[in-house]
2 protein chains.
Amino acid sequence: MMRRKILIVDDEPMLTDLLKAHLEECGYEAMIANDADQGMNLLSRQPDLILLDIQMPGMDGLQLCRTIREHVSCPILFLTARVTEQDLINGLSYGGDDYITKPFRLNELTARIAAHLRRDERGGQKQAILTSGRLLVNLSERKVFYGETQIPFSRREFELIEFLLSNANRVYDRERIYEAVWGYDAEGDSGVVKEHVRRIRARLREYTGESFIETVWGVGYQWKRS
Amino acid sequence: MMRRKILIVDDEPMLTDLLKAHLEECGYEAMIANDADQGMNLLSRQPDLILLDIQMPGMDGLQLCRTIREHVSCPILFLTARVTEQDLINGLSYGGDDYITKPFRLNELTARIAAHLRRDERGGQKQAILTSGRLLVNLSERKVFYGETQIPFSRREFELIEFLLSNANRVYDRERIYEAVWGYDAEGDSGVVKEHVRRIRARLREYTGESFIETVWGVGYQWKRS
DNA sequence: TTTTCTTTTGACAGATTTTTGACATTCCCG
DNA sequence: CGGGAATGTCAAAAATCTGTCAAAAGAAAA
């Protein structure tokens, strides 16, 4: 198996050096880019994964992310400081796949990297993070954020959100939703879905002002992504 | 075999120079840092061992030690003038591996260094230490410290802590936890995990005031790292 | 063996979530 | 403008989950 190539884009030489050394110790091949131009150039070497700092001074990391996405389809993992949660959400909607906040542990980082590469390899399509506007849904931690505040959801509620959001802009009747989320053959829908949608909407509205889930009369529900 | 790199952190230039010369004579590559910042910077060069003076004026050597531990896992050897048992415990609880009191003989120092490097290399067993806030978990010695005091845990308790902490911020249901820690296929979880979590929380709370392990309702537990 | 400590188990109460059904409201269409 | 079907709302009931305790079973130490 070829050694996996990882591209590191960060303006802090100290950090990039440390990361490079560590990643190489873990058996990866690491390339360093200290600015956007270098980063774009190194795309030609076909990295398997990209670590991208989205808050480099004098450069728009988000734009860079989008540009990268136009050229390659490998996982992009953001490095970000805790403060600008908003940037993070932007980033994910700009084509990123996951994020990790600075300061982070090397072990944690390599674990994430391994997970993404594994997923990529198996062809698994499942994203780790979903976004919708300013809303952020972290599937692995099972948490929903609006900006920096977390919105609490119960298990079924979360599963329902996960289903609808990962099939955003598509309409499903209650029976299908029940089947997909509850797993049984939907015999008597009995209005459970209805009630859950209500509570999810209520909580979303309470925290964000909008409810995201839309009713298509006579048919079912859909997650509306602007 | 690569030449081993040793990082010396001490505010006394005379001493550091002397050490550097001596170590290089012994076939090591030596790097000097005269203050904490320099020390942190040089971590990017991945030293194989660190000599650290824990009593530099205007800086908390112990805290530095702990900070270093968050980034690297190589052996850390204290240089200290203090000799009490208490100081030793302090140092070790902050993530150090050994200590040597000043004034010392160069021979003694190099002997210790060689011993640690040998152990590090042979066992392949990394001196794994995890931290979470002020909490420190020494995996090789199977001990947990909060500041300078040790918190006692039994075998299973420690293993459970180890598993959750090394996968911090990720949620695992009881079944998975049982599988990972007990090693069997989780047939009848039977609440063993639940009970262990309770006792771990209780002891952590007793010593630290917080319980670190968080419940995600309907899903499982996770170690919460701020 | 006895003693002590750890681990497992089962029962229970309390808290939270999920489901249900009755009722109100909205929407479509004639 | 209604009638009827589909959807929204609410609160109570049912089901599920978690925290806690104490006792039993098992391991380790003495």
# chains A, B, ... in the order shown; residues from 1 in each chain; ligands from 1
call {"tool": "interface_residues", "arguments": {"of": "chain A", "to": "chain B", "cutoff": "7 Å", "atoms": "only C-alpha atoms", "output": "NGL selection string"}}
result
:A and (14 or 17-18 or 105-106 or 140-141 or 154-155)
call {"tool": "write_last_selection", "arguments": {"atoms": "N, CA and C atoms", "output": "PDB file, in the first residue's frame"}}
result
ATOM      1  N   MET A  14       6.391  26.831  12.947  1.00  0.00           N
ATOM      2  CA  MET A  14       6.637  25.984  14.092  1.00  0.00           C
ATOM      3  C   MET A  14       5.649  24.829  14.120  1.00  0.00           C
ATOM      4  N   ASP A  17       6.090  22.351  11.163  1.00  0.00           N
ATOM      5  CA  ASP A  17       7.237  21.459  11.342  1.00  0.00           C
ATOM      6  C   ASP A  17       6.907  20.345  12.323  1.00  0.00           C
ATOM      7  N   LEU A  18       6.307  20.748  13.409  1.00  0.00           N
ATOM      8  CA  LEU A  18       5.944  19.760  14.426  1.00  0.00           C
ATOM      9  C   LEU A  18       5.009  18.716  13.840  1.00  0.00           C
ATOM     10  N   ARG A 105      -4.457  17.698  20.616  1.00  0.00           N
ATOM     11  CA  ARG A 105      -3.462  16.687  20.896  1.00  0.00           C
ATOM     12  C   ARG A 105      -3.083  15.981  19.617  1.00  0.00           C
ATOM     13  N   LEU A 106      -1.827  15.695  19.498  1.00  0.00           N
ATOM     14  CA  LEU A 106      -1.369  15.014  18.293  1.00  0.00           C
ATOM     15  C   LEU A 106      -2.108  13.692  18.116  1.00  0.00           C
ATOM     16  N   SER A 140     -20.515  12.503  14.714  1.00  0.00           N
ATOM     17  CA  SER A 140     -19.773  11.586  15.580  1.00  0.00           C
ATOM     18  C   SER A 140     -19.958  11.934  17.049  1.00  0.00           C
ATOM     19  N   GLU A 141     -20.136  13.188  17.336  1.00  0.00           N
ATOM     20  CA  GLU A 141     -20.374  13.555  18.731  1.00  0.00           C
ATOM     21  C   GLU A 141     -21.850  13.667  19.040  1.00  0.00           C
ATOM     22  N   SER A 154     -32.777  14.881  21.923  1.00  0.00           N
ATOM     23  CA  SER A 154     -32.782  13.503  22.405  1.00  0.00           C
ATOM     24  C   SER A 154     -32.341  12.584  21.267  1.00  0.00           C
ATOM     25  N   ARG A 155     -32.291  11.310  21.591  1.00  0.00           N
ATOM     26  CA  ARG A 155     -31.760  10.365  20.630  1.00  0.00           C
ATOM     27  C   ARG A 155     -32.589  10.317  19.349  1.00  0.00           C
TER      28      ARG A 155
END
call {"tool": "calpha_fit_rmsd", "arguments": {"fixed": "chain B", "moving": "chain A"}}
result
5.3 Å
call {"tool": "closest_atom_pairs", "arguments": {"of": "chain C", "to": "chain A", "cutoff": "10 Å", "atoms": "only C-alpha atoms (C1' of nucleotides)", "output": "JSON lines"}}
result
{"residue": "C:DT16", "atom": "C1'", "partner": "A:Ser154", "partner_atom": "CA", "distance": 9.1}
{"residue": "C:DT17", "atom": "C1'", "partner": "A:Ser154", "partner_atom": "CA", "distance": 7.3}
{"residue": "C:DT18", "atom": "C1'", "partner": "A:Val192", "partner_atom": "CA", "distance": 8.4}
{"residue": "C:DT19", "atom": "C1'", "partner": "A:Val192", "partner_atom": "CA", "distance": 6.7}
{"residue": "C:DT20", "atom": "C1'", "partner": "A:Ser190", "partner_atom": "CA", "distance": 8.0}
{"residue": "C:DG21", "atom": "C1'", "partner": "A:Ser190", "partner_atom": "CA", "distance": 9.5}
{"residue": "C:DC27", "atom": "C1'", "partner": "A:Trp217", "partner_atom": "CA", "distance": 8.0}
{"residue": "C:DC28", "atom": "C1'", "partner": "A:Trp217", "partner_atom": "CA", "distance": 9.2}
call {"tool": "write_last_selection", "arguments": {"atoms": "N, CA and C atoms (P, O5', C5', C4', C3', O3' and C1' of nucleotides)", "output": "PDB file, in the first residue's frame"}}
result
ATOM      1  P    DT C  16     -34.462  15.137  34.259  1.00  0.00           P
ATOM      2  O5'  DT C  16     -34.743  14.265  32.963  1.00  0.00           O
ATOM      3  C5'  DT C  16     -33.731  13.379  32.494  1.00  0.00           C
ATOM      4  C4'  DT C  16     -34.241  12.697  31.253  1.00  0.00           C
ATOM      5  C3'  DT C  16     -34.912  13.644  30.262  1.00  0.00           C
ATOM      6  O3'  DT C  16     -34.215  13.563  29.046  1.00  0.00           O
ATOM      7  C1'  DT C  16     -36.243  11.717  30.672  1.00  0.00           C
ATOM      8  P    DT C  17     -34.735  14.182  27.688  1.00  0.00           P
ATOM      9  O5'  DT C  17     -35.480  12.939  27.013  1.00  0.00           O
ATOM     10  C5'  DT C  17     -34.775  11.704  26.931  1.00  0.00           C
ATOM     11  C4'  DT C  17     -35.695  10.658  26.348  1.00  0.00           C
ATOM     12  C3'  DT C  17     -36.305  11.032  25.009  1.00  0.00           C
ATOM     13  O3'  DT C  17     -36.135   9.910  24.159  1.00  0.00           O
ATOM     14  C1'  DT C  17     -37.993  10.361  26.506  1.00  0.00           C
ATOM     15  P    DT C  18     -36.434  10.021  22.628  1.00  0.00           P
ATOM     16  O5'  DT C  18     -37.837   9.272  22.543  1.00  0.00           O
ATOM     17  C5'  DT C  18     -37.893   7.907  22.946  1.00  0.00           C
ATOM     18  C4'  DT C  18     -39.327   7.446  22.920  1.00  0.00           C
ATOM     19  C3'  DT C  18     -40.060   7.723  21.615  1.00  0.00           C
ATOM     20  O3'  DT C  18     -40.493   6.471  21.110  1.00  0.00           O
ATOM     21  C1'  DT C  18     -41.364   8.374  23.493  1.00  0.00           C
ATOM     22  P    DT C  19     -41.290   6.361  19.771  1.00  0.00           P
ATOM     23  O5'  DT C  19     -42.796   6.256  20.263  1.00  0.00           O
ATOM     24  C5'  DT C  19     -43.136   5.264  21.219  1.00  0.00           C
ATOM     25  C4'  DT C  19     -44.549   5.494  21.724  1.00  0.00           C
ATOM     26  C3'  DT C  19     -45.602   5.642  20.620  1.00  0.00           C
ATOM     27  O3'  DT C  19     -46.515   4.572  20.753  1.00  0.00           O
ATOM     28  C1'  DT C  19     -45.868   7.279  22.331  1.00  0.00           C
ATOM     29  P    DT C  20     -47.594   4.314  19.618  1.00  0.00           P
ATOM     30  O5'  DT C  20     -48.905   4.926  20.264  1.00  0.00           O
ATOM     31  C5'  DT C  20     -49.122   4.763  21.662  1.00  0.00           C
ATOM     32  C4'  DT C  20     -50.235   5.682  22.131  1.00  0.00           C
ATOM     33  C3'  DT C  20     -51.342   5.932  21.115  1.00  0.00           C
ATOM     34  O3'  DT C  20     -52.553   5.421  21.639  1.00  0.00           O
ATOM     35  C1'  DT C  20     -50.653   7.955  22.176  1.00  0.00           C
ATOM     36  P    DG C  21     -53.791   5.137  20.670  1.00  0.00           P
ATOM     37  O5'  DG C  21     -54.748   6.348  21.037  1.00  0.00           O
ATOM     38  C5'  DG C  21     -55.043   6.633  22.400  1.00  0.00           C
ATOM     39  C4'  DG C  21     -55.671   7.998  22.498  1.00  0.00           C
ATOM     40  C3'  DG C  21     -56.714   8.294  21.412  1.00  0.00           C
ATOM     41  O3'  DG C  21     -57.818   8.953  21.997  1.00  0.00           O
ATOM     42  C1'  DG C  21     -55.092   9.980  21.423  1.00  0.00           C
ATOM     43  P    DC C  27     -52.220  27.370   6.222  1.00  0.00           P
ATOM     44  O5'  DC C  27     -52.738  26.358   5.103  1.00  0.00           O
ATOM     45  C5'  DC C  27     -52.134  25.061   5.044  1.00  0.00           C
ATOM     46  C4'  DC C  27     -52.964  24.195   4.134  1.00  0.00           C
ATOM     47  C3'  DC C  27     -53.300  24.838   2.799  1.00  0.00           C
ATOM     48  O3'  DC C  27     -52.751  24.049   1.762  1.00  0.00           O
ATOM     49  C1'  DC C  27     -55.217  23.820   3.803  1.00  0.00           C
ATOM     50  P    DC C  28     -52.699  24.680   0.281  1.00  0.00           P
ATOM     51  O5'  DC C  28     -53.763  23.786  -0.495  1.00  0.00           O
ATOM     52  C5'  DC C  28     -53.609  22.366  -0.461  1.00  0.00           C
ATOM     53  C4'  DC C  28     -54.903  21.726  -0.868  1.00  0.00           C
ATOM     54  C3'  DC C  28     -55.431  22.173  -2.231  1.00  0.00           C
ATOM     55  O3'  DC C  28     -55.621  21.021  -3.024  1.00  0.00           O
ATOM     56  C1'  DC C  28     -57.136  22.294  -0.570  1.00  0.00           C
TER      57       DC C  28
END
call {"tool": "closest_residue", "arguments": {"among": "A:Tyr207, A:Arg225, A:Arg199, A:Leu15", "to": "chain D", "atoms": "only C-alpha atoms (C1' of nucleotides)"}}
result
A:Arg199
call {"tool": "atom_distance", "arguments": {"atom1": "CA of Pro152 (chain A)", "atom2": "CA of Arg203 (chain B)"}}
result
27.8 Å
call {"tool": "select_by_dssp", "arguments": {"residues": "region 1-214 of chain B", "states": "alpha helix (DSSP H)", "output": "JSON, numbers by chain"}}
result
{"B": [13, 14, 15, 16, 17, 18, 19, 20, 21, 22, 23, 24, 25, 36, 37, 38, 39, 40, 41, 42, 61, 62, 63, 64, 65, 66, 67, 68, 69, 85, 86, 87, 88, 89, 90, 91, 92, 93, 106, 107, 108, 109, 110, 111, 112, 113, 114, 115, 116, 117, 118, 119, 120, 121, 122, 123, 155, 156, 157, 158, 159, 160, 161, 162, 163, 164, 165, 166, 174, 175, 176, 177, 178, 179, 180, 181, 182, 192, 193, 194, 195, 196, 197, 198, 199, 200, 201, 202, 203, 204, 205, 206, 207, 208]}
call {"tool": "write_last_selection", "arguments": {"atoms": "C-alpha atoms", "output": "short mmCIF file (atom, residue, chain, number, x, y, z; two decimals), in the first residue's frame"}}
result
data_model
loop_
_atom_site.label_atom_id
_atom_site.label_comp_id
_atom_site.auth_asym_id
_atom_site.auth_seq_id
_atom_site.Cartn_x
_atom_site.Cartn_y
_atom_site.Cartn_z
CA PRO B 13 23.94 29.31 30.14
CA MET B 14 27.08 28.08 31.77
CA LEU B 15 25.46 24.83 32.73
CA THR B 16 23.68 24.32 29.44
CA ASP B 17 26.85 24.89 27.48
CA LEU B 18 28.71 22.45 29.61
CA LEU B 19 26.02 19.86 29.25
CA LYS B 20 25.77 20.37 25.52
CA ALA B 21 29.48 19.85 25.08
CA HIS B 22 29.47 16.78 27.22
CA LEU B 23 26.45 15.21 25.58
CA GLU B 24 27.80 15.81 22.14
CA GLU B 25 30.96 14.12 23.17
CA ALA B 36 10.31 28.18 28.50
CA ASP B 37 9.46 29.74 25.17
CA GLN B 38 12.58 28.52 23.50
CA GLY B 39 11.91 25.15 25.00
CA MET B 40 8.46 24.95 23.49
CA ASN B 41 9.78 26.04 20.15
CA LEU B 42 12.39 23.35 20.04
CA GLY B 61 9.02 24.47 35.65
CA LEU B 62 6.39 22.03 36.71
CA GLN B 63 3.76 23.72 34.65
CA LEU B 64 6.14 23.78 31.74
CA CYS B 65 6.61 20.08 32.17
CA ARG B 66 2.94 19.49 31.97
CA THR B 67 2.59 21.67 28.93
CA ILE B 68 5.36 19.80 27.22
CA ARG B 69 3.60 16.57 28.03
CA GLU B 85 10.40 12.86 48.55
CA GLN B 86 7.63 15.32 48.05
CA ASP B 87 9.39 17.11 45.25
CA LEU B 88 9.94 13.85 43.51
CA ILE B 89 6.30 13.00 43.69
CA ASN B 90 5.45 16.45 42.47
CA GLY B 91 7.61 16.08 39.46
CA LEU B 92 6.40 12.67 38.57
CA SER B 93 2.82 13.71 38.99
CA LEU B 106 28.21 14.05 34.44
CA ASN B 107 28.72 10.31 34.42
CA GLU B 108 25.67 9.80 36.49
CA LEU B 109 23.63 11.99 34.22
CA THR B 110 24.66 10.25 31.04
CA ALA B 111 24.03 6.89 32.66
CA ARG B 112 20.47 7.90 33.45
CA ILE B 113 19.95 9.31 30.01
CA ALA B 114 21.19 6.14 28.41
CA ALA B 115 18.92 4.06 30.60
CA HIS B 116 15.86 6.00 29.63
CA LEU B 117 16.62 6.00 25.97
CA ARG B 118 17.25 2.30 26.06
CA ARG B 119 13.99 1.63 27.75
CA ASP B 120 12.17 3.88 25.37
CA GLU B 121 13.65 2.14 22.40
CA ARG B 122 13.41 -1.43 23.55
CA GLY B 123 9.97 -1.57 24.97
CA ARG B 155 -7.78 -2.03 37.84
CA ARG B 156 -11.07 -1.94 35.96
CA GLU B 157 -11.67 1.60 36.97
CA PHE B 158 -8.34 2.63 35.55
CA GLU B 159 -8.90 0.74 32.34
CA LEU B 160 -12.22 2.41 31.88
CA ILE B 161 -10.68 5.82 32.46
CA GLU B 162 -7.92 5.00 30.03
CA PHE B 163 -10.37 4.03 27.33
CA LEU B 164 -12.64 7.01 27.69
CA LEU B 165 -9.88 9.55 28.08
CA SER B 166 -7.88 8.33 25.13
CA ARG B 174 -22.28 0.98 27.21
CA GLU B 175 -22.03 -2.00 24.96
CA ARG B 176 -19.04 -0.61 23.12
CA ILE B 177 -17.39 0.40 26.33
CA TYR B 178 -17.87 -3.06 27.72
CA GLU B 179 -16.40 -4.58 24.59
CA ALA B 180 -13.41 -2.28 24.61
CA VAL B 181 -12.56 -2.50 28.29
CA TRP B 182 -13.64 -6.01 29.22
CA VAL B 192 -21.46 -3.21 35.10
CA VAL B 193 -20.32 -0.23 33.11
CA LYS B 194 -22.92 1.94 34.73
CA GLU B 195 -21.78 1.04 38.19
CA HIS B 196 -18.12 1.56 37.39
CA VAL B 197 -18.82 4.94 35.89
CA ARG B 198 -20.62 5.85 39.06
CA ARG B 199 -17.69 4.97 41.28
CA ILE B 200 -15.17 6.68 39.03
CA ARG B 201 -17.25 9.81 38.99
CA ALA B 202 -17.65 9.74 42.72
CA ARG B 203 -13.94 9.48 43.33
CA LEU B 204 -13.06 12.10 40.76
CA ARG B 205 -15.58 14.46 42.25
CA GLU B 206 -14.29 13.80 45.71
CA TYR B 207 -10.77 14.77 44.72
CA THR B 208 -11.23 17.32 41.98
#
call {"tool": "interface_residues", "arguments": {"of": "chain D", "to": "chain A", "cutoff": "12 Å", "atoms": "only C-alpha atoms (C1' of nucleotides)", "output": "list in words"}}
result
DA5, DA6, DT7, DG8, DT9, DC10, DT16 and DC17 of chain D
call {"tool": "residues_around", "arguments": {"residues": "Met31 (chain B)", "least_positions_apart": "3", "cutoff": "7 Å", "atoms": "only C-alpha atoms (C1' of nucleotides)", "output": "list of chain:residue names"}}
result
B:Ile6, B:Leu7, B:Ile8
call {"tool": "write_last_selection", "arguments": {"atoms": "C-alpha atoms", "output": "PDB file, in the first residue's frame"}}
result
ATOM      1  CA  ILE B   6      18.368  15.799  23.630  1.00  0.00           C
ATOM      2  CA  LEU B   7      16.758  19.081  24.593  1.00  0.00           C
ATOM      3  CA  ILE B   8      18.214  20.951  27.552  1.00  0.00           C
TER       4      ILE B   8
END
call {"tool": "closest_residue", "arguments": {"among": "D:DG2, D:DG19, D:DA27, D:DA11", "to": "DC23 (chain C)", "atoms": "only C-alpha atoms (C1' of nucleotides)"}}
result
D:DA11
